[in-house]
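J.: If it helps, the file is called protein-v1.cif and holds mmCIF, C-alpha atoms:
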```cif
data_input
loop_
_atom_site.label_atom_id
_atom_site.label_comp_id
_atom_site.auth_asym_id
_atom_site.auth_seq_id
_atom_site.Cartn_x
_atom_site.Cartn_y
_atom_site.Cartn_z
CA MET A 344 14.19 138.87 87.51
CA LEU A 345 16.03 136.76 84.95
CA ILE A 346 19.81 136.86 85.46
CA GLY A 347 22.08 135.31 82.82
CA TYR A 348 25.49 133.72 83.17
CA ALA A 349 27.76 133.01 80.19
CA ARG A 350 31.23 131.48 80.17
CA THR A 351 33.83 130.30 77.70
CA SER A 352 37.12 128.67 78.56
CA THR A 353 39.43 130.83 76.48
CA ALA A 354 39.63 134.18 74.75
CA GLU A 355 39.69 132.34 71.40
CA GLN A 356 36.05 131.36 71.97
CA GLU A 357 34.77 134.93 71.60
CA ALA A 358 32.03 133.89 69.16
CA GLY A 359 30.78 131.32 71.66
CA LEU A 360 30.53 133.92 74.40
CA ASP A 361 28.74 136.34 72.07
CA ALA A 362 26.27 133.60 71.08
CA GLN A 363 25.56 132.77 74.73
CA GLU A 364 24.96 136.42 75.59
CA ARG A 365 22.66 136.76 72.55
CA ASP A 366 20.65 133.70 73.65
CA LEU A 367 20.43 134.96 77.22
CA ARG A 368 19.15 138.37 76.05
CA ALA A 369 16.61 136.62 73.77
CA ALA A 370 15.41 134.62 76.80
CA GLY A 371 14.68 137.91 78.59
CA CYS A 372 17.66 138.24 80.92
CA GLU A 373 17.81 141.74 82.38
CA LYS A 374 21.34 141.35 83.71
CA ILE A 375 24.10 139.14 82.29
CA TYR A 376 27.37 138.09 83.90
CA ALA A 377 29.97 136.85 81.42
CA GLU A 378 33.56 135.68 81.68
CA ARG A 379 36.36 133.91 79.85
CA VAL A 380 37.76 131.40 82.32
CA SER A 381 38.18 127.64 82.46
CA SER A 382 35.57 125.86 84.57
CA VAL A 383 38.41 124.24 86.49
CA ALA A 384 39.84 127.61 87.44
CA ALA A 385 39.64 128.31 91.12
CA ASP A 386 38.19 131.77 90.61
CA ARG A 387 35.12 132.30 88.47
CA ALA A 388 34.51 135.83 89.66
CA GLN A 389 31.48 136.59 87.48
CA LEU A 390 29.73 133.37 88.51
CA ALA A 391 30.38 134.20 92.16
CA GLU A 392 28.97 137.69 91.57
CA ALA A 393 25.89 136.33 89.77
CA LEU A 394 25.25 133.90 92.64
CA ARG A 395 25.60 136.75 95.15
CA PHE A 396 23.27 138.97 93.12
CA VAL A 397 20.29 136.60 92.69
CA ARG A 398 17.44 136.96 95.17
CA SER A 399 14.36 134.96 96.09
CA GLY A 400 12.02 134.76 93.10
CA ASP A 401 14.82 135.31 90.56
CA VAL A 402 15.81 132.82 87.88
CA LEU A 403 19.45 132.17 86.98
CA VAL A 404 19.64 131.39 83.25
CA VAL A 405 22.46 129.57 81.44
CA THR A 406 22.63 128.25 77.90
CA LYS A 407 23.99 124.81 78.88
CA PRO A 408 24.88 123.19 82.20
CA ASP A 409 28.59 122.88 81.36
CA ARG A 410 28.78 126.67 81.16
CA LEU A 411 27.74 126.79 84.84
CA ALA A 412 29.22 123.78 86.61
CA ARG A 413 32.40 121.72 86.66
CA SER A 414 30.70 118.41 87.37
CA THR A 415 27.40 116.80 88.27
CA ALA A 416 28.17 117.30 91.96
CA ASP A 417 29.02 120.97 91.36
CA LEU A 418 25.82 121.48 89.35
CA LEU A 419 23.68 119.86 92.02
CA ALA A 420 25.39 121.89 94.76
CA ILE A 421 24.67 125.11 92.87
CA VAL A 422 21.03 124.08 92.31
CA THR A 423 20.65 123.16 96.00
CA ASP A 424 22.08 126.52 97.06
CA LEU A 425 19.79 128.37 94.65
CA GLU A 426 16.72 126.42 95.83
CA LYS A 427 17.47 127.22 99.48
CA ARG A 428 17.40 130.89 98.54
CA GLY A 429 14.23 130.61 96.46
CA VAL A 430 16.05 131.01 93.15
CA ALA A 431 15.32 128.77 90.14
CA LEU A 432 17.69 127.66 87.41
CA LEU A 433 16.75 127.70 83.73
CA VAL A 434 19.01 125.83 81.31
CA LEU A 435 18.11 126.93 77.80
CA SER A 436 19.38 123.84 76.02
CA MET A 437 19.70 120.36 77.45
CA GLY A 438 19.68 118.30 74.29
CA GLY A 439 17.69 120.98 72.51
CA GLN A 440 15.05 121.40 75.23
CA PRO A 441 14.95 123.95 78.06
CA VAL A 442 15.01 122.61 81.61
CA ASP A 443 13.48 124.76 84.34
CA THR A 444 13.97 123.84 88.01
CA ARG A 445 10.86 125.76 89.06
CA GLY A 446 8.97 122.48 88.59
CA ALA A 447 9.54 118.95 89.86
CA THR A 448 9.96 117.57 86.34
CA GLY A 449 12.68 120.11 85.55
CA LYS A 450 14.55 119.21 88.74
CA LEU A 451 14.34 115.52 87.92
CA LEU A 452 15.46 116.03 84.30
CA LEU A 453 18.36 118.23 85.31
CA THR A 454 19.62 115.66 87.81
CA MET A 455 19.24 112.77 85.38
CA LEU A 456 20.81 114.58 82.43
CA ALA A 457 23.72 115.83 84.54
CA ALA A 458 24.37 112.27 85.75
CA ILE A 459 24.25 110.95 82.16
CA ALA A 460 26.66 113.66 81.01
CA ALA A 461 29.09 112.73 83.81
CA PHE A 462 28.75 109.05 82.88
CA GLU A 463 29.50 109.82 79.21
CA ARG A 464 32.56 111.85 80.20
CA ASP A 465 33.84 109.02 82.40
CA LEU A 466 33.38 106.54 79.53
CA MET A 467 35.22 108.86 77.14
CA LEU A 468 38.14 109.23 79.57
CA GLU A 469 38.23 105.46 80.07
CA ARG A 470 38.39 104.89 76.30
CA GLN A 471 41.10 107.54 76.03
CA ARG A 472 43.20 105.82 78.73
CA GLU A 473 42.74 102.46 76.97
CA GLY A 474 43.82 104.00 73.65
CA ILE A 475 46.90 105.57 75.22
CA SER A 476 47.85 102.25 76.87
CA ALA A 477 47.48 100.41 73.56
CA ALA A 478 49.54 103.05 71.73
CA LYS A 479 52.27 102.88 74.40
CA ALA A 480 52.35 99.07 74.16
CA ALA A 481 52.76 99.38 70.38
CA GLY A 482 55.50 101.98 70.81
CA LYS A 483 53.45 104.63 69.01
CA TYR A 484 52.61 106.95 71.90
CA LYS A 485 55.03 109.79 72.40
CA GLY A 486 52.96 111.97 74.71
CA ARG A 487 52.28 115.66 74.43
CA ALA A 488 55.05 117.79 72.97
CA PRO A 489 56.63 119.99 75.66
CA THR A 490 55.54 123.43 74.47
CA ALA A 491 57.23 125.58 77.10
CA ARG A 492 60.59 123.76 77.00
CA ALA A 493 60.70 124.31 73.24
CA LYS A 494 60.59 128.05 73.92
CA ALA A 495 63.38 128.06 76.53
CA SER A 496 65.76 130.13 74.42
CA GLU A 497 63.05 132.75 73.85
CA VAL A 498 62.27 132.85 77.58
CA LEU A 499 65.95 133.35 78.43
CA ALA A 500 66.40 136.04 75.76
CA LEU A 501 63.37 138.03 76.91
CA HIS A 502 64.43 137.71 80.56
CA ALA A 503 67.91 138.98 79.64
CA GLN A 504 66.21 142.03 78.10
CA GLY A 505 64.55 142.72 81.47
CA VAL A 506 61.05 141.59 80.52
CA ALA A 507 59.00 140.49 83.54
CA VAL A 508 58.23 136.78 83.83
CA ALA A 509 54.46 137.28 83.62
CA GLU A 510 54.91 139.29 80.42
CA ILE A 511 57.25 136.63 78.98
CA ALA A 512 54.61 133.98 79.66
CA ARG A 513 51.90 136.09 78.04
CA ARG A 514 53.98 136.88 74.95
CA LEU A 515 55.01 133.26 74.41
CA ASN A 516 51.63 131.79 75.36
CA ILE A 517 53.07 129.59 78.10
CA GLY A 518 52.33 129.32 81.80
CA THR A 519 54.06 131.62 84.26
CA ALA A 520 55.18 128.58 86.26
CA SER A 521 56.77 127.15 83.10
CA ALA A 522 58.68 130.38 82.50
CA PHE A 523 59.93 130.39 86.11
CA ARG A 524 60.93 126.71 85.78
CA ILE A 525 62.97 127.44 82.64
CA LEU A 526 64.73 130.33 84.38
CA ARG A 527 65.39 128.23 87.48
CA ASP A 528 66.76 125.36 85.43
CA SER A 529 69.04 127.69 83.45
CA ARG A 530 70.56 128.99 86.71
CA SER A 531 71.27 125.51 88.05
CA SER A 532 72.94 124.24 84.88
#
```
What is this file in structure tokens?
T.:
Amino acid sequence: MLIGYARTSTAEQEAGLDAQERDLRAAGCEKIYAERVSSVAADRAQLAEALRFVRSGDVLVVTKPDRLARSTADLLAIVTDLEKRGVALLVLSMGGQPVDTRGATGKLLLTMLAAIAAFERDLMLERQREGISAAKAAGKYKGRAPTARAKASEVLALHAQGVAVAEIARRLNIGTASAFRILRDSRSS
């Protein structure tokens, strides 16, 4: 059985999720698990469910490896777990070509391409850090604007109206922890 898994990081990426599901159906997936959650989130419930569902002889299908795994190590751990259970992984597009772990070449390609992707990400982060350091040295780097602090008056007003903190955070598009921090700071001042 072909089982698909699709993921986007945010609700704003609805078209991306729809496109993944379309591609998974076109590839012949009989069952598709889909979710909108960051890959760094602790709980990817649909991925966990898909991994529980697959059985020996099944193929887990994803459109790209970054939809499945957080890192090269995470990807390889998932592949190792699937292999132990007799489940293959099919990545529909790795640079435009499908990679299927049912064969030795697919396993090799997946490992190599995942390592290259991790290397590229590390290089990008290194260049970003260098750019930030140079901008700081030139006095041009101000950092990220504090989005939640800018909404402190709105947080306090909604809280005064009896709106729950989680609802305040949702309405203002800020983190719940940020809303609690603003309320805590307002009490101590």
J.: Can you list, as JSON, numbers by chain, every protein, DNA or RNA residue that comes within 10 Å of segment 517-528 of chain A when you count all atoms listed in the file, leaving out same-chain residues fewer than 3 positions away?
T.: {"A": [490, 491, 492, 494, 495, 496, 497, 498, 499, 502, 508, 509, 510, 511, 512, 513, 514, 531, 532]}
J.: Deliver the residues from the most recent selection as a file, using C-alpha atoms, as a short mmCIF file (atom, residue, chain, number, x, y, z; two decimals), in the coordinates of the input.
T.:
```cif
data_model
loop_
_atom_site.label_atom_id
_atom_site.label_comp_id
_atom_site.auth_asym_id
_atom_site.auth_seq_id
_atom_site.Cartn_x
_atom_site.Cartn_y
_atom_site.Cartn_z
CA THR A 490 55.54 123.43 74.47
CA ALA A 491 57.23 125.58 77.10
CA ARG A 492 60.59 123.76 77.00
CA LYS A 494 60.59 128.05 73.92
CA ALA A 495 63.38 128.06 76.53
CA SER A 496 65.76 130.13 74.42
CA GLU A 497 63.05 132.75 73.85
CA VAL A 498 62.27 132.85 77.58
CA LEU A 499 65.95 133.35 78.43
CA HIS A 502 64.43 137.71 80.56
CA VAL A 508 58.23 136.78 83.83
CA ALA A 509 54.46 137.28 83.62
CA GLU A 510 54.91 139.29 80.42
CA ILE A 511 57.25 136.63 78.98
CA ALA A 512 54.61 133.98 79.66
CA ARG A 513 51.90 136.09 78.04
CA ARG A 514 53.98 136.88 74.95
CA SER A 531 71.27 125.51 88.05
CA SER A 532 72.94 124.24 84.88
#
```
J.: Quick one: apply the PyMOL selection byres ((chain A and resi 352) around 6) to the file and drop the selected residues here as a ChimeraX atom specification.
T.: /A:351,353,379-381
J.: Could you check which residues have any atom within 12 Å of (25.3, 138.2, 94.1), counting all atoms listed in the file with coordinates taken straight from the file, and then list them as a ChimeraX atom specification?
T.: /A:346,348,374-376,388-399,401,403,425,428,430
J.: Restricting the calculation to all atoms listed in the file: of A:Ala416, A:Val506, A:Ala493, A:Ala500, which residue gets closest to Met455 of chain A?
T.: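 Using all atoms listed in the file, Met455 of chain A sits closest to A:Ala416.
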J.: Do you have the atom CA of Leu451 of chain A-atom CA of Arg410 of chain A distance handy?
T.: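 Atom-to-atom, atom CA of Leu451 of chain A to atom CA of Arg410 of chain A, that is 19.5 Å.
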J.: Rank nothing, just name the residue among A:Ala488, A:Ala447, A:Ala377, A:Leu433 nearest to Gly359 of chain A, using only C-alpha atoms.
T.: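 The shortest atom-to-atom distance to Gly359 of chain A comes from A:Ala377.
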J.: Which neighbours of Lys450 of chain A fall inside 12 Å, counting all atoms listed in the file, when residues of the same chain fewer than 3 positions from it are skipped, and could you give them as a VMD selection string?
T.: chain A and resid 418 to 419 422 to 423 426 431 to 434 441 to 447 453 to 457
J.: What does the distance from atom CA of Asp361 of chain A to atom CA of Glu373 of chain A come to in Å, to one decimal?
T.: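 Separation between atom CA of Asp361 of chain A and atom CA of Glu373 of chain A: 16.0 Å.
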J.: Record the distance separating atom CA of Arg472 of chain A and atom CA of Ala460 of chain A, expressed in Å with one decimal.
T.: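 Computed distance, atom CA of Arg472 of chain A to atom CA of Ala460 of chain A, equals 18.4 Å.
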J.: Between A:Leu435, A:Thr415, A:Gly482, A:Ile421, which has the minimum distance to Ile459 of chain A (counting only C-alpha atoms)?
T.: A:Thr415
J.: Please determine, counting only C-alpha atoms, which residue among A:Ser414, A:Glu364, A:Ala507, A:Ala481 has the shortest atom-to-atom distance to Glu463 of chain A.
T.: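 Among A:Ser414, A:Glu364, A:Ala507, A:Ala481, it is A:Ser414 that comes nearest to Glu463 of chain A.
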